[in-house]
Amino acid sequence: MIITLTMNPSVDYLYKVDRLSPGKLNRVNLITKMVGGKGINAARVSAILGTETTAISIIGGMNGDYILSQTKNDKFSSDFIRTNDETRNCYVILDKENMKTEINELGAAVAQSVLNELDSKIESYVKTKNITAISINGSLPLDCPRYFYSDLIQKIRKLNQNIKILLDTSGSALKDCLNSGFLPDIIKPNETEIAELLNTKITTDAETLQKNIMADELLSNIPIIFVSLGANGSLIKYENEFYQITFPKVNAINTQGSGDATVGGILSAIDKNKSFVDVLKYGSAAGTANALNVKTGFLKNSVFNSVYQDVSVVKSKY
């Protein structure tokens, strides 16, 4: 089985407008309201793909109640820690050109007692269950120690070195973890996040990205780097080799959560002991299938299977 951890979940709202006009009244159509958070989205996708999955998170308030009620309909098992603080809201606004504007609340601070409970919960799972992979997802809550993710990775390694650890975060949370020396097996940045990590300009050019990654001493120590490039596919670093993933262009309905769905696909493939190439194809197909659904962090198996057949993985020519 696999575990996903979401430190800062949310209730997500997806709105559509003809045109977003800053500083003016915008009348919107609410397309969907649903449970959000990178790890919860990944867990939903992994479970849909047939993998035994447990989502661990921290929730509170009326939004926490909503998350509990909604996840009862999901195929994953939820193991949430309740607090007295309200879980945050996140908003996505799409115009008719599919230009996306995101408004994310920071979320409440987390107490040390909650972090201690979380540590104990994960330790219990690792000691008593056959865990193949753990994903650590999203931003850190307010007042959370900056090295929380690296400390957690260190603890998991001490308990079981065979568990694959995927870290899906960005900004200072990602940099601090990588600089700590306690590295995950997999990171999954997009073109913006990898540019921030490398302190370079944003690009989707595979040759440029490959050269920049190769020149970075820190990234060379991470076994798998899965750089998602949207419609341009993905660039993968696997140990000392690079691969490119391509797939047919699709008419995306909602790309929100596609990165999370990619994580769910990767985790599911790892748990199923798939080959490295199949792990990449699972992730890419899941991310694309999510974009073909109005729901965030969701896919249909029939769509996934169709897309999977068309995903191509080849060694980079650069």
# chains A, B, ... in the order shown; residues from 1 in each chain; ligands from 1

call {"tool": "residues_around", "arguments": {"residues": "A:Thr200", "least_positions_apart": "4", "cutoff": "12 Å", "atoms": "only C-alpha atoms", "output": "compact mmCIF listing (two decimals) with all heavy atoms, in the first residue's frame"}}
result
# COMPACT_ATOMS: atom_id res chain seq x y z
N GLU A 191 7.73 23.36 -14.86
CA GLU A 191 8.76 24.21 -15.45
C GLU A 191 9.04 25.44 -14.60
O GLU A 191 10.19 25.92 -14.55
CB GLU A 191 8.38 24.63 -16.88
CG GLU A 191 7.19 25.57 -16.99
CD GLU A 191 5.88 24.83 -17.17
OE1 GLU A 191 5.77 23.67 -16.72
OE2 GLU A 191 4.95 25.41 -17.76
N THR A 192 8.03 25.96 -13.91
CA THR A 192 8.23 27.13 -13.05
C THR A 192 9.02 26.76 -11.80
O THR A 192 9.94 27.47 -11.39
CB THR A 192 6.87 27.74 -12.65
OG1 THR A 192 6.15 28.10 -13.83
CG2 THR A 192 7.06 28.96 -11.77
N GLU A 193 8.67 25.63 -11.20
CA GLU A 193 9.32 25.21 -9.96
C GLU A 193 10.77 24.79 -10.18
O GLU A 193 11.64 25.07 -9.34
CB GLU A 193 8.52 24.06 -9.34
CG GLU A 193 7.14 24.52 -8.86
CD GLU A 193 6.16 23.37 -8.65
OE1 GLU A 193 6.45 22.24 -9.09
OE2 GLU A 193 5.10 23.61 -8.04
N ILE A 194 11.06 24.13 -11.30
CA ILE A 194 12.45 23.73 -11.56
C ILE A 194 13.31 24.96 -11.87
O ILE A 194 14.48 25.03 -11.49
CB ILE A 194 12.55 22.69 -12.70
CG1 ILE A 194 13.94 22.04 -12.73
CG2 ILE A 194 12.23 23.30 -14.05
CD1 ILE A 194 14.22 21.12 -11.58
N ALA A 195 12.72 25.97 -12.53
CA ALA A 195 13.46 27.20 -12.81
C ALA A 195 13.80 27.92 -11.51
O ALA A 195 14.91 28.44 -11.34
CB ALA A 195 12.63 28.11 -13.73
N GLU A 196 12.84 27.95 -10.58
CA GLU A 196 13.09 28.57 -9.27
C GLU A 196 14.17 27.82 -8.52
O GLU A 196 15.05 28.42 -7.88
CB GLU A 196 11.80 28.60 -8.46
CG GLU A 196 11.94 29.28 -7.12
CD GLU A 196 10.64 29.31 -6.34
OE1 GLU A 196 9.71 28.56 -6.70
OE2 GLU A 196 10.56 30.06 -5.36
N THR A 204 10.52 25.58 -21.31
CA THR A 204 10.05 24.22 -21.55
C THR A 204 10.93 23.52 -22.57
O THR A 204 10.60 22.42 -23.04
CB THR A 204 8.59 24.22 -22.05
OG1 THR A 204 8.49 24.99 -23.26
CG2 THR A 204 7.66 24.80 -21.00
N THR A 208 17.73 22.72 -22.93
CA THR A 208 18.18 23.71 -21.94
C THR A 208 17.99 23.18 -20.52
O THR A 208 18.88 23.29 -19.67
CB THR A 208 17.40 25.02 -22.12
OG1 THR A 208 17.60 25.52 -23.44
CG2 THR A 208 17.86 26.06 -21.10
N LEU A 209 16.83 22.60 -20.26
CA LEU A 209 16.55 22.06 -18.93
C LEU A 209 17.54 20.96 -18.57
O LEU A 209 18.03 20.90 -17.44
CB LEU A 209 15.12 21.51 -18.87
CG LEU A 209 14.00 22.53 -18.64
CD1 LEU A 209 12.65 21.87 -18.84
CD2 LEU A 209 14.11 23.12 -17.25
N LYS A 211 20.60 20.47 -19.60
CA LYS A 211 21.92 21.04 -19.31
C LYS A 211 21.93 21.71 -17.94
O LYS A 211 22.91 21.58 -17.18
CB LYS A 211 22.30 22.04 -20.41
CG LYS A 211 22.63 21.39 -21.75
CD LYS A 211 22.98 22.44 -22.79
CE LYS A 211 23.34 21.79 -24.12
NZ LYS A 211 23.63 22.80 -25.18
N ASN A 212 20.86 22.42 -17.62
CA ASN A 212 20.81 23.10 -16.33
C ASN A 212 20.77 22.10 -15.17
O ASN A 212 21.39 22.32 -14.12
CB ASN A 212 19.58 24.00 -16.28
CG ASN A 212 19.71 25.22 -17.17
OD1 ASN A 212 20.80 25.60 -17.56
ND2 ASN A 212 18.58 25.83 -17.51
N ILE A 213 20.02 21.02 -15.34
CA ILE A 213 19.94 20.00 -14.28
C ILE A 213 21.28 19.30 -14.11
O ILE A 213 21.74 19.05 -12.99
CB ILE A 213 18.82 19.00 -14.61
CG1 ILE A 213 17.45 19.67 -14.50
CG2 ILE A 213 18.89 17.80 -13.66
CD1 ILE A 213 16.31 18.82 -14.98
N ALA A 215 24.15 20.45 -14.61
CA ALA A 215 25.15 21.35 -14.03
C ALA A 215 24.92 21.60 -12.54
O ALA A 215 25.77 22.21 -11.88
CB ALA A 215 25.15 22.68 -14.78
N ASP A 216 23.79 21.14 -12.02
CA ASP A 216 23.48 21.39 -10.62
C ASP A 216 23.90 20.20 -9.76
O ASP A 216 23.38 19.09 -9.90
CB ASP A 216 21.97 21.63 -10.46
CG ASP A 216 21.63 22.12 -9.06
OD1 ASP A 216 21.51 21.27 -8.16
OD2 ASP A 216 21.47 23.33 -8.87

call {"tool": "closest_atom_pairs", "arguments": {"of": "stretch 194-286 of chain A", "to": "stretch 299-307 of chain A", "cutoff": "10 Å", "atoms": "only C-alpha atoms", "output": "tab-separated table"}}
result
residue	atom	partner	partner_atom	distance
A:Phe247	CA	A:Val307	CA	7.8
A:Pro248	CA	A:Val307	CA	8.2
A:Val250	CA	A:Val307	CA	9.7
A:Ser258	CA	A:Leu299	CA	9.7
A:Ala261	CA	A:Leu299	CA	8.2
A:Gly265	CA	A:Phe304	CA	9.7
A:Lys281	CA	A:Val307	CA	9.2
A:Tyr282	CA	A:Phe304	CA	8.5
A:Ser284	CA	A:Val307	CA	8.6
A:Ala285	CA	A:Val307	CA	5.5
A:Ala286	CA	A:Phe304	CA	6.0

call {"tool": "write_last_selection", "arguments": {"atoms": "all heavy atoms", "output": "CSV table (one decimal), in the first residue's frame"}}
result
chain,number,residue,atom,x,y,z
A,247,PHE,N,3.0,12.8,-25.5
A,247,PHE,CA,1.7,12.2,-25.7
A,247,PHE,C,0.9,13.1,-26.6
A,247,PHE,O,1.2,14.3,-26.8
A,247,PHE,CB,1.0,12.1,-24.3
A,247,PHE,CG,1.1,13.3,-23.4
A,247,PHE,CD1,0.3,14.4,-23.6
A,247,PHE,CD2,2.1,13.3,-22.4
A,247,PHE,CE1,0.4,15.5,-22.8
A,247,PHE,CE2,2.2,14.4,-21.6
A,247,PHE,CZ,1.4,15.6,-21.8
A,248,PRO,N,-0.2,12.6,-27.2
A,248,PRO,CA,-1.0,13.4,-28.2
A,248,PRO,C,-1.6,14.6,-27.5
A,248,PRO,O,-2.0,14.5,-26.3
A,248,PRO,CB,-2.0,12.4,-28.7
A,248,PRO,CG,-1.5,11.0,-28.4
A,248,PRO,CD,-0.6,11.2,-27.2
A,250,VAL,N,-4.4,17.1,-26.4
A,250,VAL,CA,-5.8,16.9,-26.0
A,250,VAL,C,-6.4,18.2,-25.8
A,250,VAL,O,-5.8,19.2,-25.5
A,250,VAL,CB,-5.9,16.0,-24.7
A,250,VAL,CG1,-5.3,14.6,-25.0
A,250,VAL,CG2,-5.2,16.7,-23.5
A,258,SER,N,-3.6,18.3,-12.3
A,258,SER,CA,-2.9,17.3,-13.2
A,258,SER,C,-1.6,16.8,-12.6
A,258,SER,O,-1.2,15.7,-12.8
A,258,SER,CB,-2.7,17.9,-14.6
A,258,SER,OG,-4.0,17.9,-15.3
A,261,ALA,N,-2.4,14.4,-10.0
A,261,ALA,CA,-2.7,13.1,-10.6
A,261,ALA,C,-1.5,12.4,-11.1
A,261,ALA,O,-1.4,11.1,-11.1
A,261,ALA,CB,-3.7,13.4,-11.8
A,265,GLY,N,-0.4,8.6,-10.2
A,265,GLY,CA,-0.1,7.5,-11.2
A,265,GLY,C,1.3,6.9,-10.9
A,265,GLY,O,1.5,5.7,-11.0
A,281,LYS,N,5.0,6.2,-17.7
A,281,LYS,CA,3.8,6.2,-18.5
A,281,LYS,C,2.6,6.4,-17.6
A,281,LYS,O,1.6,7.1,-17.9
A,281,LYS,CB,3.7,5.0,-19.3
A,281,LYS,CG,4.8,4.9,-20.4
A,281,LYS,CD,4.6,3.6,-21.3
A,281,LYS,CE,3.4,3.7,-22.1
A,281,LYS,NZ,3.3,2.5,-23.1
A,282,TYR,N,2.6,5.7,-16.4
A,282,TYR,CA,1.4,5.8,-15.5
A,282,TYR,C,1.3,7.2,-15.1
A,282,TYR,O,0.1,7.8,-15.0
A,282,TYR,CB,1.7,4.9,-14.3
A,282,TYR,CG,0.9,3.6,-14.3
A,282,TYR,CD1,1.1,2.6,-15.2
A,282,TYR,CD2,-0.1,3.4,-13.3
A,282,TYR,CE1,0.4,1.4,-15.2
A,282,TYR,CE2,-0.8,2.2,-13.3
A,282,TYR,CZ,-0.6,1.2,-14.2
A,282,TYR,OH,-1.3,0.1,-14.2
A,284,SER,N,2.3,10.1,-16.5
A,284,SER,CA,1.9,10.9,-17.6
A,284,SER,C,0.5,10.7,-18.0
A,284,SER,O,-0.3,11.7,-18.2
A,284,SER,CB,2.8,10.7,-18.8
A,284,SER,OG,4.1,11.0,-18.5
A,285,ALA,N,0.0,9.4,-18.1
A,285,ALA,CA,-1.3,9.1,-18.5
A,285,ALA,C,-2.3,9.6,-17.4
A,285,ALA,O,-3.4,10.1,-17.8
A,285,ALA,CB,-1.5,7.6,-18.7
A,286,ALA,N,-2.0,9.5,-16.2
A,286,ALA,CA,-2.9,10.0,-15.1
A,286,ALA,C,-3.0,11.5,-15.1
A,286,ALA,O,-4.1,12.0,-15.0
A,286,ALA,CB,-2.3,9.5,-13.7

call {"tool": "residues_around", "arguments": {"residues": "A:Ile3", "least_positions_apart": "4", "cutoff": "9 Å", "atoms": "only C-alpha atoms", "output": "CSV table (one decimal) with N, CA and C atoms, in the first residue's frame"}}
result
chain,number,residue,atom,x,y,z
A,39,GLY,N,-1.7,15.9,-1.8
A,39,GLY,CA,-1.7,14.5,-1.4
A,39,GLY,C,-3.1,13.8,-1.5
A,43,ALA,N,-3.9,10.7,-3.8
A,43,ALA,CA,-4.5,9.5,-3.2
A,43,ALA,C,-5.8,9.1,-3.9
A,52,GLU,N,-4.2,0.2,-3.1
A,52,GLU,CA,-4.6,0.5,-1.7
A,52,GLU,C,-3.8,1.7,-1.2
A,53,THR,N,-4.6,2.7,-0.8
A,53,THR,CA,-4.0,4.0,-0.5
A,53,THR,C,-4.6,4.6,0.7
A,54,THR,N,-3.8,5.2,1.6
A,54,THR,CA,-4.2,5.9,2.8
A,54,THR,C,-3.8,7.4,2.7
A,55,ALA,N,-4.7,8.3,2.8
A,55,ALA,CA,-4.3,9.7,2.8
A,55,ALA,C,-4.3,10.2,4.3
A,56,ILE,N,-3.2,10.8,4.7
A,56,ILE,CA,-3.0,11.4,6.0
A,56,ILE,C,-3.0,12.9,5.8
A,122,ILE,N,2.6,8.2,11.3
A,122,ILE,CA,3.4,7.7,10.1
A,122,ILE,C,4.3,6.6,10.6
A,125,TYR,N,2.3,3.3,10.8
A,125,TYR,CA,2.1,2.8,9.5
A,125,TYR,C,3.3,2.0,8.9
A,131,ILE,N,4.3,-0.9,3.4
A,131,ILE,CA,4.3,0.4,2.7
A,131,ILE,C,5.4,0.4,1.6
A,132,THR,N,5.0,0.6,0.3
A,132,THR,CA,5.9,0.6,-0.8
A,132,THR,C,6.4,2.0,-1.1
A,133,ALA,N,5.5,3.0,-0.9
A,133,ALA,CA,5.9,4.4,-1.3
A,133,ALA,C,5.1,5.4,-0.4
A,134,ILE,N,5.7,6.5,-0.1
A,134,ILE,CA,5.1,7.6,0.6
A,134,ILE,C,5.3,8.9,-0.2
A,135,SER,N,4.3,9.6,-0.4
A,135,SER,CA,4.5,10.9,-1.0
A,135,SER,C,4.2,12.0,0.0
A,136,ILE,N,5.1,13.0,0.0
A,136,ILE,CA,5.0,14.2,0.9
A,136,ILE,C,4.6,15.4,0.1
A,267,LEU,N,2.9,6.8,-8.0
A,267,LEU,CA,2.8,5.9,-6.8
A,267,LEU,C,2.1,4.6,-7.0

call {"tool": "residues_around", "arguments": {"residues": "A:Ala206", "least_positions_apart": "4", "cutoff": "10 Å", "atoms": "only C-alpha atoms", "output": "ChimeraX atom specification"}}
result
/A:210-212,227,229,232-236,242-244,316-318

call {"tool": "write_last_selection", "arguments": {"atoms": "C-alpha atoms", "output": "short mmCIF file (atom, residue, chain, number, x, y, z; two decimals), in the first residue's frame"}}
result
data_model
loop_
_atom_site.label_atom_id
_atom_site.label_comp_id
_atom_site.auth_asym_id
_atom_site.auth_seq_id
_atom_site.Cartn_x
_atom_site.Cartn_y
_atom_site.Cartn_z
CA GLN A 210 18.73 18.98 -19.24
CA LYS A 211 21.92 21.04 -19.31
CA ASN A 212 20.81 23.10 -16.33
CA VAL A 227 9.80 17.68 -14.73
CA LEU A 229 6.06 20.56 -18.97
CA ASN A 232 5.08 19.73 -24.04
CA GLY A 233 5.29 16.44 -22.18
CA SER A 234 7.92 15.81 -19.52
CA LEU A 235 11.68 15.58 -19.05
CA ILE A 236 12.89 12.85 -16.72
CA PHE A 242 17.53 11.57 -19.30
CA TYR A 243 14.24 10.64 -20.94
CA GLN A 244 11.53 12.56 -22.72
CA SER A 316 16.78 12.14 -24.59
CA LYS A 317 18.73 12.95 -27.75
CA TYR A 318 20.64 15.77 -26.07
#

call {"tool": "closest_residue", "arguments": {"among": "A:Ile67, A:Met34, A:Ser57, A:Lys100", "to": "A:Lys121", "atoms": "only C-alpha atoms"}}
result
A:Ser57

call {"tool": "closest_residue", "arguments": {"among": "A:Asp151, A:Glu102, A:Glu207, A:Asp271", "to": "A:Asp12", "atoms": "only C-alpha atoms"}}
result
A:Glu102

call {"tool": "atom_distance", "arguments": {"atom1": "atom CA of A:Leu159", "atom2": "atom CA of A:Leu280"}}
result
27.1 Å

call {"tool": "residues_around", "arguments": {"residues": "A:Thr6", "least_positions_apart": "4", "cutoff": "12 Å", "atoms": "only C-alpha atoms", "output": "ChimeraX atom specification"}}
result
/A:10,35-43,54-59,78-81,87,118,134-141,149,167-169,260

call {"tool": "select_by_dssp", "arguments": {"residues": "stretch 115-314 of chain A", "states": "strand (DSSP E)", "output": "compact mmCIF listing (two decimals) with all heavy atoms, in the first residue's frame"}}
result
# COMPACT_ATOMS: atom_id res chain seq x y z
N ALA A 133 5.51 3.01 -0.92
CA ALA A 133 5.86 4.38 -1.27
C ALA A 133 5.08 5.36 -0.40
O ALA A 133 3.95 5.10 0.00
CB ALA A 133 5.57 4.65 -2.75
N ILE A 134 5.72 6.49 -0.14
CA ILE A 134 5.09 7.58 0.60
C ILE A 134 5.33 8.86 -0.18
O ILE A 134 6.46 9.15 -0.58
CB ILE A 134 5.68 7.73 2.02
CG1 ILE A 134 5.37 6.49 2.87
CG2 ILE A 134 5.15 8.98 2.71
CD1 ILE A 134 6.00 6.52 4.26
N SER A 135 4.28 9.62 -0.40
CA SER A 135 4.45 10.94 -1.00
C SER A 135 4.19 12.02 0.03
O SER A 135 3.25 11.93 0.82
CB SER A 135 3.53 11.13 -2.21
OG SER A 135 2.18 11.21 -1.83
N ILE A 136 5.05 13.02 0.04
CA ILE A 136 4.96 14.17 0.94
C ILE A 136 4.61 15.36 0.05
O ILE A 136 5.38 15.70 -0.85
CB ILE A 136 6.28 14.39 1.68
CG1 ILE A 136 6.68 13.12 2.46
CG2 ILE A 136 6.20 15.59 2.60
CD1 ILE A 136 8.08 13.16 3.03
N ASN A 137 3.47 15.99 0.33
CA ASN A 137 2.90 16.87 -0.68
C ASN A 137 2.54 18.26 -0.15
O ASN A 137 2.02 18.40 0.96
CB ASN A 137 1.61 16.25 -1.24
CG ASN A 137 1.80 14.82 -1.69
OD1 ASN A 137 2.16 14.55 -2.81
ND2 ASN A 137 1.56 13.88 -0.78
N LYS A 164 9.98 3.97 -1.11
CA LYS A 164 10.27 5.06 -2.03
C LYS A 164 9.56 6.32 -1.53
O LYS A 164 8.39 6.29 -1.18
CB LYS A 164 9.80 4.74 -3.45
CG LYS A 164 10.47 3.52 -4.06
CD LYS A 164 11.97 3.72 -4.17
CE LYS A 164 12.64 2.52 -4.82
NZ LYS A 164 14.13 2.65 -4.85
N ILE A 165 10.29 7.43 -1.52
CA ILE A 165 9.74 8.69 -1.02
C ILE A 165 9.68 9.70 -2.16
O ILE A 165 10.69 10.01 -2.79
CB ILE A 165 10.59 9.25 0.13
CG1 ILE A 165 10.66 8.23 1.28
CG2 ILE A 165 10.02 10.58 0.62
CD1 ILE A 165 11.59 8.64 2.40
N LEU A 166 8.48 10.20 -2.41
CA LEU A 166 8.27 11.23 -3.43
C LEU A 166 7.93 12.53 -2.73
O LEU A 166 7.03 12.57 -1.89
CB LEU A 166 7.13 10.82 -4.37
CG LEU A 166 6.89 11.66 -5.61
CD1 LEU A 166 6.21 10.83 -6.71
CD2 LEU A 166 6.06 12.92 -5.34
N LEU A 167 8.66 13.58 -3.06
CA LEU A 167 8.42 14.90 -2.47
C LEU A 167 7.86 15.82 -3.55
O LEU A 167 8.52 16.07 -4.56
CB LEU A 167 9.72 15.48 -1.91
CG LEU A 167 9.63 16.90 -1.31
CD1 LEU A 167 8.71 16.92 -0.10
CD2 LEU A 167 11.03 17.40 -0.93
N ASP A 168 6.64 16.31 -3.33
CA ASP A 168 5.99 17.20 -4.30
C ASP A 168 5.65 18.51 -3.60
O ASP A 168 4.55 18.72 -3.12
CB ASP A 168 4.73 16.54 -4.87
CG ASP A 168 4.09 17.39 -5.98
OD1 ASP A 168 4.80 18.26 -6.52
OD2 ASP A 168 2.91 17.16 -6.29
N ILE A 186 12.28 10.82 -5.38
CA ILE A 186 11.64 11.44 -6.54
C ILE A 186 11.18 12.85 -6.17
O ILE A 186 10.62 13.06 -5.10
CB ILE A 186 10.41 10.64 -7.01
CG1 ILE A 186 10.75 9.16 -7.20
CG2 ILE A 186 9.83 11.22 -8.30
CD1 ILE A 186 9.52 8.27 -7.40
N ILE A 187 11.42 13.80 -7.07
CA ILE A 187 10.75 15.09 -6.99
C ILE A 187 10.04 15.32 -8.32
O ILE A 187 10.42 14.76 -9.35
CB ILE A 187 11.71 16.26 -6.68
CG1 ILE A 187 12.78 16.41 -7.76
CG2 ILE A 187 12.33 16.07 -5.31
CD1 ILE A 187 13.64 17.67 -7.58
N ILE A 224 15.43 10.31 -9.20
CA ILE A 224 14.45 10.58 -10.25
C ILE A 224 13.93 12.01 -10.12
O ILE A 224 13.44 12.41 -9.05
CB ILE A 224 13.25 9.61 -10.20
CG1 ILE A 224 13.73 8.16 -10.38
CG2 ILE A 224 12.23 9.95 -11.28
CD1 ILE A 224 12.62 7.13 -10.22
N ILE A 225 14.04 12.76 -11.20
CA ILE A 225 13.45 14.10 -11.28
C ILE A 225 12.48 14.08 -12.44
O ILE A 225 12.86 13.86 -13.59
CB ILE A 225 14.51 15.19 -11.49
CG1 ILE A 225 15.54 15.15 -10.34
CG2 ILE A 225 13.87 16.56 -11.57
CD1 ILE A 225 16.70 16.11 -10.54
N PHE A 226 11.22 14.29 -12.13
CA PHE A 226 10.14 14.23 -13.12
C PHE A 226 9.67 15.67 -13.35
O PHE A 226 8.91 16.21 -12.56
CB PHE A 226 9.00 13.35 -12.59
CG PHE A 226 7.96 12.97 -13.60
CD1 PHE A 226 7.77 11.64 -13.95
CD2 PHE A 226 7.15 13.92 -14.20
CE1 PHE A 226 6.81 11.27 -14.87
CE2 PHE A 226 6.19 13.57 -15.12
CZ PHE A 226 6.00 12.25 -15.46
N VAL A 227 10.14 16.29 -14.44
CA VAL A 227 9.80 17.68 -14.73
C VAL A 227 8.62 17.70 -15.69
O VAL A 227 8.76 17.36 -16.87
CB VAL A 227 10.98 18.46 -15.33
CG1 VAL A 227 10.60 19.93 -15.50
CG2 VAL A 227 12.22 18.32 -14.47
N SER A 228 7.44 18.07 -15.20
CA SER A 228 6.27 18.13 -16.06
C SER A 228 6.24 19.46 -16.79
O SER A 228 6.44 20.52 -16.20
CB SER A 228 4.99 17.94 -15.23
OG SER A 228 4.94 18.87 -14.17
N SER A 234 7.12 15.78 -20.74
CA SER A 234 7.92 15.81 -19.52
C SER A 234 9.37 15.46 -19.84
O SER A 234 9.66 14.75 -20.82
CB SER A 234 7.39 14.80 -18.48
OG SER A 234 6.05 15.07 -18.17
N LEU A 235 10.27 15.96 -19.00
CA LEU A 235 11.68 15.58 -19.05
C LEU A 235 12.00 14.85 -17.76
O LEU A 235 11.68 15.34 -16.67
CB LEU A 235 12.57 16.81 -19.20
CG LEU A 235 14.08 16.54 -19.19
CD1 LEU A 235 14.50 15.82 -20.47
CD2 LEU A 235 14.88 17.84 -19.04
N ILE A 236 12.61 13.68 -17.89
CA ILE A 236 12.89 12.85 -16.72
C ILE A 236 14.39 12.63 -16.57
O ILE A 236 15.07 12.27 -17.54
CB ILE A 236 12.22 11.47 -16.85
CG1 ILE A 236 10.77 11.60 -17.29
CG2 ILE A 236 12.35 10.69 -15.55
CD1 ILE A 236 9.89 12.36 -16.35
N LYS A 237 14.89 12.87 -15.37
CA LYS A 237 16.24 12.44 -15.03
C LYS A 237 16.12 11.16 -14.22
O LYS A 237 15.46 11.13 -13.18
CB LYS A 237 16.97 13.49 -14.20
CG LYS A 237 18.31 13.00 -13.65
CD LYS A 237 18.84 13.95 -12.60
CE LYS A 237 20.04 13.37 -11.87
NZ LYS A 237 19.73 12.21 -11.01
N TYR A 238 16.74 10.10 -14.68
CA TYR A 238 16.76 8.84 -13.95
C TYR A 238 18.21 8.44 -13.74
O TYR A 238 18.89 8.02 -14.68
CB TYR A 238 16.01 7.76 -14.70
CG TYR A 238 16.04 6.39 -14.05
CD1 TYR A 238 15.63 6.22 -12.73
CD2 TYR A 238 16.51 5.27 -14.75
CE1 TYR A 238 15.67 4.97 -12.13
CE2 TYR A 238 16.55 4.01 -14.15
CZ TYR A 238 16.13 3.88 -12.85
OH TYR A 238 16.18 2.63 -12.24
N GLU A 241 20.78 9.21 -16.58
CA GLU A 241 20.18 9.23 -17.91
C GLU A 241 19.00 10.20 -17.94
O GLU A 241 18.38 10.47 -16.91
CB GLU A 241 19.68 7.83 -18.30
CG GLU A 241 20.78 6.76 -18.33
CD GLU A 241 21.60 6.81 -19.60
OE1 GLU A 241 21.29 7.60 -20.51
OE2 GLU A 241 22.58 6.05 -19.68
N PHE A 242 18.69 10.70 -19.13
CA PHE A 242 17.53 11.57 -19.30
C PHE A 242 16.57 10.96 -20.32
O PHE A 242 17.00 10.34 -21.30
CB PHE A 242 17.96 12.96 -19.77
CG PHE A 242 18.50 13.82 -18.66
CD1 PHE A 242 19.83 13.70 -18.27
CD2 PHE A 242 17.70 14.75 -18.01
CE1 PHE A 242 20.35 14.49 -17.25
CE2 PHE A 242 18.20 15.53 -16.99
CZ PHE A 242 19.52 15.41 -16.61
N TYR A 243 15.29 11.16 -20.07
CA TYR A 243 14.24 10.64 -20.94
C TYR A 243 13.24 11.75 -21.22
O TYR A 243 13.05 12.66 -20.40
CB TYR A 243 13.52 9.46 -20.29
CG TYR A 243 14.41 8.26 -20.02
CD1 TYR A 243 15.25 8.24 -18.90
CD2 TYR A 243 14.41 7.16 -20.87
CE1 TYR A 243 16.07 7.16 -18.65
CE2 TYR A 243 15.22 6.08 -20.63
CZ TYR A 243 16.05 6.08 -19.51
OH TYR A 243 16.87 4.99 -19.27
N GLN A 244 12.59 11.63 -22.38
CA GLN A 244 11.53 12.56 -22.72
C GLN A 244 10.22 11.79 -22.90
O GLN A 244 10.21 10.69 -23.47
CB GLN A 244 11.87 13.32 -24.00
CG GLN A 244 12.97 14.36 -23.81
CD GLN A 244 13.30 15.09 -25.10
OE1 GLN A 244 14.17 14.70 -25.86
NE2 GLN A 244 12.56 16.18 -25.33
N ILE A 245 9.16 12.39 -22.39
CA ILE A 245 7.83 11.80 -22.50
C ILE A 245 6.97 12.70 -23.37
O ILE A 245 6.92 13.91 -23.18
CB ILE A 245 7.16 11.65 -21.12
CG1 ILE A 245 8.00 10.75 -20.21
CG2 ILE A 245 5.75 11.10 -21.25
CD1 ILE A 245 7.45 10.64 -18.81
N THR A 246 6.31 12.09 -24.36
CA THR A 246 5.38 12.83 -25.19
C THR A 246 4.05 12.09 -25.24
O THR A 246 3.99 10.88 -25.02
CB THR A 246 5.91 13.00 -26.63
OG1 THR A 246 6.16 11.70 -27.20
CG2 THR A 246 7.21 13.80 -26.64
N SER A 312 4.54 8.07 -25.05
CA SER A 312 5.83 7.61 -25.57
C SER A 312 6.96 8.03 -24.64
O SER A 312 7.03 9.21 -24.24
CB SER A 312 6.06 8.20 -26.97
OG SER A 312 7.35 7.92 -27.43
N VAL A 313 7.84 7.09 -24.32
CA VAL A 313 9.01 7.37 -23.49
C VAL A 313 10.26 7.01 -24.28
O VAL A 313 10.43 5.85 -24.69
CB VAL A 313 8.99 6.58 -22.17
CG1 VAL A 313 10.23 6.90 -21.34
CG2 VAL A 313 7.73 6.89 -21.38
N VAL A 314 11.14 7.99 -24.53
CA VAL A 314 12.36 7.74 -25.28
C VAL A 314 13.53 8.40 -24.56
O VAL A 314 13.36 9.38 -23.82
CB VAL A 314 12.27 8.29 -26.72
CG1 VAL A 314 11.17 7.57 -27.50
CG2 VAL A 314 12.02 9.79 -26.72

call {"tool": "closest_residue", "arguments": {"among": "A:Cys90, A:Met99, A:Ile222, A:Val279", "to": "A:Ile266", "atoms": "only C-alpha atoms"}}
result
A:Val279

call {"tool": "atom_distance", "arguments": {"atom1": "atom CA of A:Lys96", "atom2": "atom CA of A:Leu20"}}
result
9.4 Å

call {"tool": "closest_residue", "arguments": {"among": "A:Asn273, A:Asn104, A:Thr203, A:Asn221", "to": "A:Asn89", "atoms": "only C-alpha atoms"}}
result
A:Asn104
